[in-house]
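Here is my_file.cif, consisting of mmCIF, C-alpha atoms:
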data_work
#
loop_
_atom_site.label_atom_id
_atom_site.label_comp_id
_atom_site.auth_asym_id
_atom_site.auth_seq_id
_atom_site.Cartn_x
_atom_site.Cartn_y
_atom_site.Cartn_z
CA MET A 1 49.37 27.14 -23.37
CA PRO A 2 52.43 25.48 -21.77
CA ASP A 3 55.76 26.48 -23.29
CA ASP A 4 56.67 22.89 -24.11
CA GLN A 5 53.77 22.75 -26.58
CA ALA A 6 54.79 25.84 -28.59
CA PRO A 7 57.52 24.17 -30.76
CA ASP A 8 55.13 21.40 -31.67
CA LEU A 9 52.60 23.88 -33.01
CA SER A 10 55.29 25.74 -35.02
CA GLU A 11 56.59 22.51 -36.52
CA LYS A 12 53.10 21.48 -37.57
CA TYR A 13 52.50 24.87 -39.21
CA SER A 14 55.86 24.83 -41.04
CA GLY A 15 55.18 21.33 -42.35
CA LEU A 16 51.78 22.45 -43.60
CA VAL A 17 53.33 25.38 -45.47
CA GLN A 18 55.85 23.05 -47.12
CA ARG A 19 53.09 20.68 -48.24
CA TYR A 20 51.13 23.64 -49.63
CA ASN A 21 54.10 24.85 -51.66
CA GLU A 22 54.61 21.36 -53.04
CA SER A 23 50.93 21.18 -54.05
CA CYS A 24 51.23 24.52 -55.88
CA GLU A 25 54.16 23.11 -57.84
CA MET A 26 52.10 20.01 -58.67
CA VAL A 27 49.27 22.23 -59.95
CA ASP A 28 51.69 24.13 -62.20
CA ASN A 29 53.20 20.91 -63.57
CA ALA A 30 49.79 19.40 -64.22
CA PHE A 31 48.67 22.58 -66.03
CA ILE A 32 51.79 22.57 -68.27
CA ALA A 33 51.34 18.87 -69.06
CA GLN A 34 47.71 19.47 -70.02
CA GLU A 35 48.59 22.39 -72.31
CA LYS A 36 51.31 20.36 -74.09
CA ALA A 37 48.90 17.46 -74.63
CA ARG A 38 46.33 19.82 -76.12
CA GLU A 39 48.88 21.06 -78.73
CA ASP A 40 50.19 17.56 -79.50
CA ALA A 41 48.15 15.98 -82.32
CA ASN A 42 49.35 12.52 -81.34
CA THR A 43 47.75 12.71 -77.84
CA THR A 44 44.55 10.70 -77.56
CA GLU A 45 41.32 11.99 -76.06
CA GLU A 46 41.66 9.47 -73.23
CA GLN A 47 45.13 10.83 -72.33
CA ARG A 48 43.83 14.42 -72.36
CA ASP A 49 40.95 13.44 -69.99
CA LYS A 50 43.40 11.77 -67.62
CA LEU A 51 45.65 14.84 -67.51
CA LEU A 52 42.60 17.07 -66.88
CA ALA A 53 41.55 14.85 -63.95
CA GLU A 54 45.07 15.03 -62.49
CA TYR A 55 45.04 18.80 -62.79
CA SER A 56 41.63 19.09 -61.09
CA SER A 57 42.76 16.77 -58.25
CA ALA A 58 45.93 18.82 -57.71
CA VAL A 59 43.88 22.03 -57.52
CA THR A 60 41.54 20.45 -54.95
CA VAL A 61 44.47 19.36 -52.76
CA ARG A 62 46.09 22.78 -53.04
CA ASP A 63 42.88 24.60 -52.00
CA ARG A 64 42.33 22.29 -49.01
CA LEU A 65 45.89 22.79 -47.80
CA TYR A 66 45.49 26.56 -48.22
CA GLU A 67 42.41 26.58 -45.94
CA GLU A 68 44.19 24.47 -43.32
CA MET A 69 47.21 26.75 -43.54
CA GLN A 70 45.02 29.82 -42.96
CA ASP A 71 43.50 28.22 -39.82
CA LYS A 72 46.92 27.22 -38.52
CA SER A 73 48.23 30.68 -39.32
CA LYS A 74 45.61 32.23 -37.06
CA LEU A 75 46.49 29.84 -34.27
CA GLU A 76 50.18 30.56 -34.72
CA GLU A 77 49.52 34.28 -34.69
CA ALA A 78 47.46 33.98 -31.52
CA ARG A 79 50.15 31.86 -29.89
CA ALA A 80 52.82 34.39 -30.77
CA GLN A 81 50.84 37.31 -29.38
CA HIS A 82 49.61 35.74 -26.13
CA ARG A 83 52.00 34.28 -23.63
CA PRO A 84 51.03 32.30 -20.51
CA ILE A 85 51.00 34.24 -17.24
CA THR A 86 53.29 32.78 -14.60
CA PHE A 87 52.13 32.96 -10.96
CA ASP A 88 55.34 31.45 -9.48
CA GLY A 89 53.33 28.62 -7.95
CA LYS A 90 50.75 30.94 -6.45
CA VAL A 91 47.16 30.81 -7.67
CA ALA A 92 45.16 34.02 -7.68
CA ARG A 93 41.50 33.65 -6.81
CA VAL A 94 38.72 36.18 -6.50
CA LYS A 95 36.13 35.30 -3.87
CA GLU A 96 33.22 37.57 -3.14
CA PRO A 97 32.03 37.14 0.45
CA ASP A 98 28.41 36.65 1.36
CA VAL A 99 26.42 39.48 2.91
CA TYR A 100 25.75 37.40 6.05
CA ARG A 101 28.79 36.05 7.81
CA GLU A 102 29.46 34.78 11.28
CA ASP A 103 32.03 37.50 11.90
CA ASN A 104 29.51 40.31 11.33
CA VAL A 105 26.38 38.75 12.86
CA HIS A 106 26.02 41.58 15.38
CA GLU A 107 26.19 44.19 12.62
CA ILE A 108 24.06 42.50 9.96
CA SER A 109 21.63 39.86 11.21
CA PHE A 110 20.00 37.46 8.76
CA PHE A 111 16.82 37.18 10.83
CA ARG A 112 16.65 40.91 11.55
CA ASP A 113 16.89 41.70 7.84
CA LEU A 114 14.31 39.03 7.03
CA TYR A 115 11.97 40.58 9.59
CA ASN A 116 12.56 44.17 8.44
CA ALA A 117 12.19 43.26 4.76
CA GLN A 118 8.95 41.32 5.15
CA LEU A 119 7.20 43.25 7.86
CA LYS A 120 8.59 46.76 7.53
CA ASN A 121 9.30 46.87 3.80
CA ASP A 122 12.82 48.08 4.56
CA PRO A 123 14.48 48.51 1.12
CA ALA A 124 18.03 48.19 2.51
CA ALA A 125 17.20 44.94 4.30
CA GLN A 126 15.41 43.63 1.21
CA ASP A 127 18.43 44.49 -0.94
CA ARG A 128 20.74 42.53 1.38
CA ILE A 129 18.37 39.55 1.35
CA ASN A 130 18.23 39.68 -2.46
CA ARG A 131 22.01 39.88 -2.80
CA HIS A 132 22.44 36.99 -0.37
CA GLN A 133 19.88 34.92 -2.25
CA GLN A 134 21.61 35.59 -5.58
CA HIS A 135 24.97 34.74 -4.02
CA GLU A 136 23.64 31.34 -2.87
CA ILE A 137 21.96 30.60 -6.21
CA GLU A 138 25.16 31.32 -8.16
CA LYS A 139 27.22 29.27 -5.72
CA ARG A 140 24.89 26.27 -5.97
CA ALA A 141 24.39 26.58 -9.74
CA VAL A 142 20.61 26.36 -9.35
CA THR A 143 17.69 28.64 -10.07
CA SER A 144 15.32 30.18 -7.58
CA SER A 145 12.54 27.86 -8.77
CA THR A 146 14.57 24.90 -7.50
CA LEU A 147 14.47 26.15 -3.93
CA GLY A 148 11.72 26.09 -1.37
CA GLY A 149 12.26 29.56 0.04
CA ILE A 150 14.86 31.91 1.47
CA ILE A 151 18.22 30.15 1.75
CA PRO A 152 19.76 30.52 5.23
CA ALA A 153 23.22 32.05 5.48
CA GLN A 154 26.11 29.57 5.23
CA TYR A 155 27.09 29.76 8.89
CA LEU A 156 23.48 28.94 9.76
CA VAL A 157 23.42 26.04 7.29
CA ASP A 158 26.45 24.62 9.10
CA LEU A 159 24.55 24.77 12.34
CA TYR A 160 21.51 23.31 10.60
CA ALA A 161 23.57 20.24 9.69
CA LYS A 162 24.74 19.91 13.29
CA ALA A 163 21.18 19.90 14.50
CA SER A 164 20.41 17.25 11.90
CA ARG A 165 23.02 14.88 13.27
CA ASN A 166 22.05 15.33 16.89
CA GLY A 167 18.29 15.47 16.47
CA ARG A 168 17.62 12.70 13.93
CA VAL A 169 19.96 9.79 14.58
CA PHE A 170 17.59 7.06 13.37
CA ALA A 171 16.29 9.05 10.40
CA ASP A 172 19.83 9.65 9.16
CA GLN A 173 20.67 5.94 9.17
CA VAL A 174 17.80 4.55 7.06
CA ASN A 175 17.66 4.54 3.25
CA GLY A 176 17.19 8.24 2.49
CA GLN A 177 15.74 9.17 -0.90
CA THR A 178 14.54 12.33 -2.62
CA LEU A 179 10.81 12.93 -2.39
CA PRO A 180 9.09 13.27 -5.78
CA ASP A 181 8.05 16.80 -6.71
CA VAL A 182 4.30 16.11 -6.81
CA GLY A 183 1.78 13.90 -5.09
CA MET A 184 0.69 13.29 -1.52
CA SER A 185 1.36 9.54 -1.53
CA LEU A 186 3.91 7.08 -2.86
CA VAL A 187 3.09 3.61 -4.14
CA VAL A 188 5.70 0.96 -3.38
CA PRO A 189 5.05 -2.41 -5.10
CA ARG A 190 5.60 -5.49 -2.93
CA LEU A 191 5.97 -9.03 -4.22
CA THR A 192 4.14 -10.95 -1.49
CA GLN A 193 4.26 -14.27 -3.36
CA GLY A 194 7.26 -14.95 -5.53
CA LEU A 195 7.95 -17.40 -8.33
CA ALA A 196 9.04 -21.00 -7.75
CA ALA A 197 11.76 -23.36 -8.88
CA ALA A 198 12.40 -27.04 -8.09
CA ALA A 199 13.96 -30.15 -9.53
CA GLN A 200 12.12 -31.72 -12.44
CA THR A 201 10.80 -35.00 -11.03
CA THR A 202 11.29 -37.01 -14.22
CA GLN A 203 12.09 -36.26 -17.81
CA ASN A 204 9.28 -34.95 -20.03
CA THR A 205 7.17 -33.93 -17.02
CA ALA A 206 5.98 -30.44 -16.21
CA VAL A 207 8.31 -28.35 -14.05
CA VAL A 208 7.05 -26.47 -11.01
CA THR A 209 5.38 -23.09 -11.48
CA GLN A 210 4.01 -20.43 -9.18
CA ASP A 211 2.09 -17.26 -10.06
CA PRO A 212 3.52 -14.13 -8.41
CA THR A 213 1.33 -12.04 -6.13
CA GLU A 214 1.94 -8.31 -5.94
CA THR A 215 0.42 -5.95 -3.37
CA ASP A 216 0.92 -2.20 -3.53
CA LEU A 217 2.08 -0.43 -0.37
CA THR A 218 0.80 3.16 -0.21
CA VAL A 219 3.01 5.51 1.78
CA ASN A 220 1.49 8.88 2.64
CA VAL A 221 3.42 12.12 2.28
CA ASN A 222 3.18 13.95 5.61
CA THR A 223 3.71 17.59 6.48
CA ILE A 224 5.86 18.43 9.49
CA ALA A 225 6.01 22.02 10.66
CA GLY A 226 7.20 24.00 13.63
CA TYR A 227 7.81 27.55 14.69
CA SER A 228 9.77 29.59 17.20
CA PRO A 229 8.04 32.56 18.82
CA VAL A 230 10.44 35.48 19.16
CA SER A 231 9.74 38.92 20.58
CA ARG A 232 10.12 41.91 18.29
CA GLN A 233 12.39 43.46 20.87
CA ALA A 234 14.77 40.52 20.48
CA ILE A 235 15.01 41.06 16.73
CA GLU A 236 14.88 44.86 16.63
CA ARG A 237 16.82 45.87 19.73
CA ALA A 238 18.75 42.98 21.25
CA ALA A 239 22.04 41.58 20.03
CA TYR A 240 20.17 38.32 19.55
CA SER A 241 22.25 35.55 18.04
CA ASP A 242 20.99 34.14 14.76
CA ARG A 243 22.53 30.85 15.87
CA ILE A 244 20.11 30.61 18.80
CA LEU A 245 17.08 31.37 16.65
CA PHE A 246 17.98 28.95 13.88
CA GLU A 247 19.07 26.12 16.17
CA ASP A 248 15.81 26.28 18.10
CA LEU A 249 13.80 26.33 14.88
CA THR A 250 15.49 23.40 13.17
CA ALA A 251 16.07 21.25 16.25
CA ARG A 252 12.31 21.07 16.84
CA TYR A 253 11.72 19.94 13.28
CA TRP A 254 14.42 17.25 13.25
CA ALA A 255 13.47 15.83 16.63
CA VAL A 256 9.84 15.31 15.71
CA LEU A 257 10.77 13.87 12.31
CA ASP A 258 13.05 11.33 13.97
CA THR A 259 10.40 10.50 16.57
CA TYR A 260 7.79 9.87 13.88
CA CYS A 261 10.12 7.57 11.94
CA ILE A 262 10.60 5.51 15.10
CA ASN A 263 7.13 5.60 16.65
CA GLY A 264 4.72 7.60 14.47
CA SER A 265 1.10 6.54 14.85
CA GLY A 266 0.16 6.60 11.17
CA SER A 267 -2.85 8.78 12.06
CA ASN A 268 -3.36 12.54 12.43
CA ASN A 269 -1.03 13.01 9.43
CA GLN A 270 1.86 11.29 11.21
CA PRO A 271 4.02 8.77 9.34
CA LEU A 272 3.62 5.17 10.47
CA GLY A 273 6.82 4.59 12.41
CA LEU A 274 8.83 1.40 12.63
CA LEU A 275 7.51 0.40 16.06
CA GLY A 276 3.93 0.66 14.81
CA THR A 277 4.54 -1.40 11.66
CA SER A 278 2.85 -4.79 11.81
CA SER A 279 4.76 -8.06 11.33
CA ILE A 280 8.18 -6.74 12.33
CA SER A 281 10.47 -9.24 14.08
CA THR A 282 10.26 -9.24 17.89
CA SER A 283 11.96 -10.91 20.85
CA ALA A 284 10.82 -10.35 24.44
CA ALA A 285 13.35 -9.98 27.23
CA SER A 286 12.26 -11.27 30.64
CA THR A 287 15.51 -10.88 32.59
CA MET A 288 16.74 -7.33 32.99
CA THR A 289 20.43 -8.14 32.96
CA ALA A 290 23.00 -7.74 30.23
CA ALA A 291 23.24 -11.51 30.00
CA GLY A 292 19.46 -11.72 29.66
CA ILE A 293 19.08 -9.01 27.00
CA TYR A 294 22.14 -9.74 24.87
CA PRO A 295 20.75 -13.03 23.43
CA LYS A 296 17.48 -11.28 22.52
CA ILE A 297 19.40 -8.89 20.28
CA ALA A 298 20.96 -11.92 18.60
CA ASP A 299 17.45 -13.36 18.22
CA ILE A 300 16.09 -10.43 16.21
CA ILE A 301 19.29 -10.37 14.12
CA GLN A 302 18.77 -14.01 13.13
CA GLN A 303 15.05 -13.41 12.49
CA ILE A 304 15.94 -10.63 10.06
CA ALA A 305 18.43 -12.95 8.33
CA VAL A 306 15.79 -15.66 8.00
CA ALA A 307 13.20 -13.23 6.63
CA VAL A 308 15.30 -11.33 4.05
CA GLY A 309 18.64 -13.12 3.88
CA GLY A 310 17.52 -14.83 0.68
CA LEU A 311 17.17 -11.35 -0.84
CA GLY A 312 20.71 -10.46 0.12
CA TYR A 313 19.88 -8.43 3.24
CA GLY A 314 20.74 -8.77 6.91
CA ALA A 315 20.72 -6.63 10.04
CA THR A 316 23.11 -3.72 9.52
CA LYS A 317 22.41 -1.28 12.38
CA ILE A 318 21.24 -1.40 16.00
CA PHE A 319 19.57 1.48 17.85
CA MET A 320 18.89 1.93 21.56
CA HIS A 321 18.02 4.63 24.07
CA PRO A 322 20.88 6.30 25.98
CA ARG A 323 19.72 4.67 29.19
CA ARG A 324 19.99 1.21 27.62
CA TRP A 325 23.49 1.78 26.23
CA GLY A 326 24.53 3.23 29.60
CA PHE A 327 23.16 0.07 31.23
CA PHE A 328 25.32 -2.11 28.98
CA GLU A 329 28.38 0.06 29.63
CA ALA A 330 27.81 -0.27 33.38
CA SER A 331 27.46 -4.07 33.22
CA VAL A 332 30.33 -6.17 34.57
CA ASP A 333 31.03 -9.89 34.85
CA SER A 334 31.52 -11.85 38.07
CA SER A 335 35.06 -10.51 38.33
CA ASN A 336 33.86 -6.91 37.90
CA ARG A 337 35.29 -6.66 34.40
CA PRO A 338 33.26 -4.43 32.03
CA LEU A 339 31.26 -6.20 29.33
CA ILE A 340 31.41 -3.19 27.00
CA VAL A 341 35.07 -2.32 26.57
CA PRO A 342 36.87 0.47 24.72
CA SER A 343 37.91 -0.39 21.18
CA GLY A 344 40.66 -2.97 21.43
CA PRO A 345 41.24 -6.35 23.05
CA GLY A 346 38.98 -7.39 25.91
CA PHE A 347 38.05 -10.46 27.91
CA ASN A 348 34.73 -11.98 26.78
CA ALA A 349 33.41 -8.56 25.76
CA MET A 350 29.81 -8.47 24.49
CA GLY A 351 30.47 -5.23 22.66
CA THR A 352 32.88 -2.37 22.17
CA ASP A 353 32.65 1.36 22.84
CA ASN A 354 34.32 2.72 19.72
CA ASN A 355 33.36 6.32 20.38
CA PRO A 356 33.59 6.97 24.13
CA GLU A 357 33.20 10.73 23.67
CA ALA A 358 29.77 10.35 22.04
CA ASP A 359 26.56 10.20 24.03
CA VAL A 360 24.31 9.99 20.97
CA GLY A 361 24.78 8.74 17.43
CA LEU A 362 27.31 6.05 16.63
CA VAL A 363 28.79 4.79 19.91
CA GLY A 364 30.10 1.26 19.36
CA ASN A 365 29.04 -2.18 18.21
CA MET A 366 27.39 -5.37 19.40
CA HIS A 367 27.32 -8.69 17.55
CA GLY A 368 29.67 -7.02 15.07
CA ILE A 369 26.96 -4.50 14.10
CA PRO A 370 27.21 -0.71 14.65
CA VAL A 371 25.21 0.59 17.61
CA TYR A 372 23.57 4.04 17.51
CA VAL A 373 22.14 5.80 20.55
CA ASP A 374 18.99 7.83 19.88
CA PRO A 375 17.21 9.69 22.71
CA ASN A 376 14.04 9.85 20.59
CA ILE A 377 13.39 6.14 21.17
CA PRO A 378 10.38 6.21 23.52
CA THR A 379 10.64 5.08 27.15
CA ASN A 380 6.91 4.97 27.86
CA LEU A 381 5.99 1.74 26.08
CA GLY A 382 4.62 -1.54 27.40
CA THR A 383 1.92 -2.36 29.91
CA ASN A 384 3.31 -0.10 32.60
CA THR A 385 4.32 2.62 30.10
CA ASN A 386 7.93 2.50 31.25
CA GLU A 387 9.68 0.38 28.62
CA ASP A 388 12.13 1.30 25.88
CA ARG A 389 13.05 -0.74 22.81
CA ILE A 390 16.22 -1.98 21.14
CA ILE A 391 15.83 -1.79 17.36
CA ALA A 392 17.76 -3.66 14.65
CA ILE A 393 17.20 -3.02 10.94
CA ALA A 394 18.38 -3.96 7.49
CA HIS A 395 18.65 -0.28 6.64
CA PRO A 396 18.57 -0.52 2.78
CA ILE A 397 14.91 -1.58 2.94
CA VAL A 398 13.71 0.95 5.52
CA HIS A 399 12.87 4.07 3.52
CA LEU A 400 12.63 7.80 4.22
CA TRP A 401 11.79 10.30 1.46
CA GLU A 402 12.51 14.01 1.94
CA ARG A 403 12.97 17.12 -0.16
CA SER A 404 16.64 17.99 -0.25
CA ASN A 405 16.06 21.58 0.87
CA ASP A 406 13.64 20.95 3.76
CA PRO A 407 13.19 22.75 6.06
CA VAL A 408 14.48 26.01 4.62
CA THR A 409 11.33 28.05 4.06
CA LEU A 410 11.17 30.77 6.68
CA SER A 411 8.34 33.26 7.06
CA PHE A 412 7.02 35.78 9.55
CA GLU A 413 3.40 35.58 10.67
CA GLN A 414 1.61 38.28 12.63
CA GLN A 415 -0.61 35.94 14.62
CA ALA A 416 0.43 37.50 17.92
CA GLY A 417 0.90 41.09 16.84
CA THR A 418 -0.67 42.52 19.96
CA SER A 419 1.97 40.70 22.02
CA LEU A 420 4.78 42.07 19.85
CA GLN A 421 5.68 38.54 18.89
CA VAL A 422 7.19 37.31 15.64
CA GLN A 423 6.87 33.67 14.63
CA LEU A 424 9.66 32.01 12.65
CA VAL A 425 8.04 29.14 10.76
CA CYS A 426 9.55 26.13 9.00
CA TYR A 427 7.94 23.13 7.37
CA GLY A 428 8.76 20.14 5.22
CA TYR A 429 7.31 17.05 3.56
CA VAL A 430 8.34 13.50 4.43
CA ALA A 431 7.29 9.95 3.70
CA PHE A 432 8.52 6.98 5.74
CA THR A 433 7.94 3.25 5.71
CA ALA A 434 9.39 0.12 7.24
CA GLY A 435 6.58 -1.86 5.61
CA ARG A 436 8.22 -2.88 2.35
CA TYR A 437 9.70 -5.90 4.14
CA PRO A 438 8.43 -5.58 7.73
CA ALA A 439 10.45 -8.53 9.03
CA ALA A 440 13.62 -6.75 7.94
CA SER A 441 13.25 -4.72 11.15
CA GLY A 442 13.13 -6.12 14.66
CA VAL A 443 12.74 -4.96 18.26
CA VAL A 444 13.59 -6.30 21.69
CA THR A 445 10.58 -5.71 23.95
CA GLY A 446 10.01 -5.90 27.70
CA LEU A 447 12.86 -3.54 28.56
CA THR A 448 11.87 -1.94 31.85
CA PRO A 449 13.98 0.84 33.40
CA PRO A 450 17.54 -0.34 34.12
CA THR A 451 19.19 -0.09 37.49
CA PHE A 452 22.76 1.08 37.95
#
I'd like the structure from this file rewritten - as structure tokens, please.
Amino acid sequence: MPDDQAPDLSEKYSGLVQRYNESCEMVDNAFIAQEKAREDANTTEEQRDKLLAEYSSAVTVRDRLYEEMQDKSKLEEARAQHRPITFDGKVARVKEPDVYREDNVHEISFFRDLYNAQLKNDPAAQDRINRHQQHEIEKRAVTSSTLGGIIPAQYLVDLYAKASRNGRVFADQVNGQTLPDVGMSLVVPRLTQGLAAAAQTTQNTAVVTQDPTETDLTVNVNTIAGYSPVSRQAIERAAYSDRILFEDLTARYWAVLDTYCINGSGSNNQPLGLLGTSSISTSAASTMTAAGIYPKIADIIQQIAVAVGGLGYGATKIFMHPRRWGFFEASVDSSNRPLIVPSGPGFNAMGTDNNPEADVGLVGNMHGIPVYVDPNIPTNLGTNTNEDRIIAIAHPIVHLWERSNDPVTLSFEQQAGTSLQVQLVCYGYVAFTAGRYPAASGVVTGLTPPTF
């Protein structure tokens, strides 16, 4: 308790004691008055009853104050006995380190212990895995039932996030939501025919009406899985970096997830990607110059505004393949001035490169909209299987559902035991749709390979 609060507590306790003493005096006075009235023959029964009531009330007040005083006395006693500890501005903290740390990866390997615990029943390795798991559960304030499997060490989780950003640019920019715990499909209601409103033609005539039409959109929950084959020698004998193992494992998962969100077929348990969704907005480019493609991007932006602007949405993000953004950056006007300029003033710039150090992810903007470069956009589309696409979306109505802990479940399978191979497996569940409002997404087509 701060020192400046101590006098206040003492004053409150002293005042309570004074009030208690006064109440005791009132009880004594009321008792004496009652006894005198009892002996006085001239006192009426009504007066005696009133004095008795005053006595009883005084006793009640005295008892209540006594109880409060006892409580305050305990607080005052505790305050007097316990003084605050002063750290002179320094805060002491106790932090127990995790079993698996980046600075001891060559001594204690997360994957080596996982392998030895599961395949060799090594009690020491199993104990370290258990202590690590408990450390993560306590740190996250969750129970083991909340999690999908063994939790990777923190330095691996950091790398896991890095792979997420580099491997799933498009998937990270749509409306991400938590996948429900059960079920292999999601039902998204769509209002395909809305209500109506119009001016009343004349007084006392019926106003316009329109019955709504609702069509359910079923979005399948898909399983994505991958594995990394690793030799037993690499785990048992080599100073094999856990970073290499985990990056390879997760990068495969994120890349295919991102690819499916963009161009999944909707068959063979793949999500139906944006490019395969029917009725999205399109604009075909026929001239492979910056001046020929730039207006087509504006075209799909205005189509999105027409389709969902009345609902409060508009195009918010643009995506293109690295080769297409490189093409725009290489484009110059008739005076050899670049059309994509670094952030800042430019002459008739069609866009800005706000992040010149980035080759993927957020790189700049066009038409005032952020531009993201994603190498998972296909380049084998079109009649001659050599086209890429420029994508624009109203991202709040393009949806991706995932479990928050996917993919974290790791296991060892002995499918190639005779080859002394260990397989590190990960999997996860996802559901994706751009079909809630298909016209809220648009693509520029006809983009054959650029020349530089």
I need the residue set behind the PyMOL selection byres ((chain A and resi 320) around 10) for this file; please write it as a short mmCIF file (atom, residue, chain, number, x, y, z; two decimals) with C-alpha atoms, in the frame of the given file.
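Now in selection_17.cif:
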data_model
loop_
_atom_site.label_atom_id
_atom_site.label_comp_id
_atom_site.auth_asym_id
_atom_site.auth_seq_id
_atom_site.Cartn_x
_atom_site.Cartn_y
_atom_site.Cartn_z
CA PHE A 170 17.59 7.06 13.37
CA ILE A 318 21.24 -1.40 16.00
CA PHE A 319 19.57 1.48 17.85
CA HIS A 321 18.02 4.63 24.07
CA PRO A 322 20.88 6.30 25.98
CA ARG A 323 19.72 4.67 29.19
CA ARG A 324 19.99 1.21 27.62
CA TRP A 325 23.49 1.78 26.23
CA GLY A 326 24.53 3.23 29.60
CA VAL A 360 24.31 9.99 20.97
CA GLY A 361 24.78 8.74 17.43
CA VAL A 371 25.21 0.59 17.61
CA TYR A 372 23.57 4.04 17.51
CA VAL A 373 22.14 5.80 20.55
CA ASP A 374 18.99 7.83 19.88
CA PRO A 375 17.21 9.69 22.71
CA ASN A 376 14.04 9.85 20.59
CA ILE A 377 13.39 6.14 21.17
CA PRO A 378 10.38 6.21 23.52
CA ASP A 388 12.13 1.30 25.88
CA ARG A 389 13.05 -0.74 22.81
CA ILE A 390 16.22 -1.98 21.14
CA ILE A 391 15.83 -1.79 17.36
CA ALA A 392 17.76 -3.66 14.65
CA VAL A 443 12.74 -4.96 18.26
CA VAL A 444 13.59 -6.30 21.69
#
When distances are computed from all atoms listed in the file, which of A:Gln270, A:Ser23, A:Glu329, A:Asn365 shows the smallest separation from Thr60 in chain A?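 Counting all atoms listed in the file, the residue closest to Thr60 in chain A is A:Ser23.
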Run through the PyMOL selection byres ((chain A and resi 432) around 10) on the given coordinates and return the selected residues as a ChimeraX atom specification. /A:171,174-176,186,219-222,257,260-262,264,266,270-274,398-402,430-431,433-435
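For the choices A:Asn263, A:Tyr427, A:Ser441, A:Pro97, the atom-to-atom distance to Ala305 in chain A is smallest for A:Ser441 when using all atoms listed in the file.
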Using only C-alpha atoms, tabulate the residues of range 205-244 of chain A lying at most 12 Å from any atom of range 116-132 of chain A, each with its closest atom pair and that distance in Å to one decimal, by chain and increasing residue number, as a Markdown table.
| residue | atom | partner | partner_atom | distance |
| --- | --- | --- | --- | --- |
| A:Arg232 | CA | A:Asn116 | CA | 10.4 |
| A:Ile235 | CA | A:Asn116 | CA | 9.2 |
| A:Glu236 | CA | A:Asn116 | CA | 8.5 |
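Near Arg403 in chain A, within 10 Å and counting only C-alpha atoms, sit Leu147, Gly148, Gln177, Thr178, Leu179, Pro180, Asp181, Pro407, Gly428, Tyr429, Val430 and Ala431 of chain A, not including residues fewer than 4 positions from it in the same chain.
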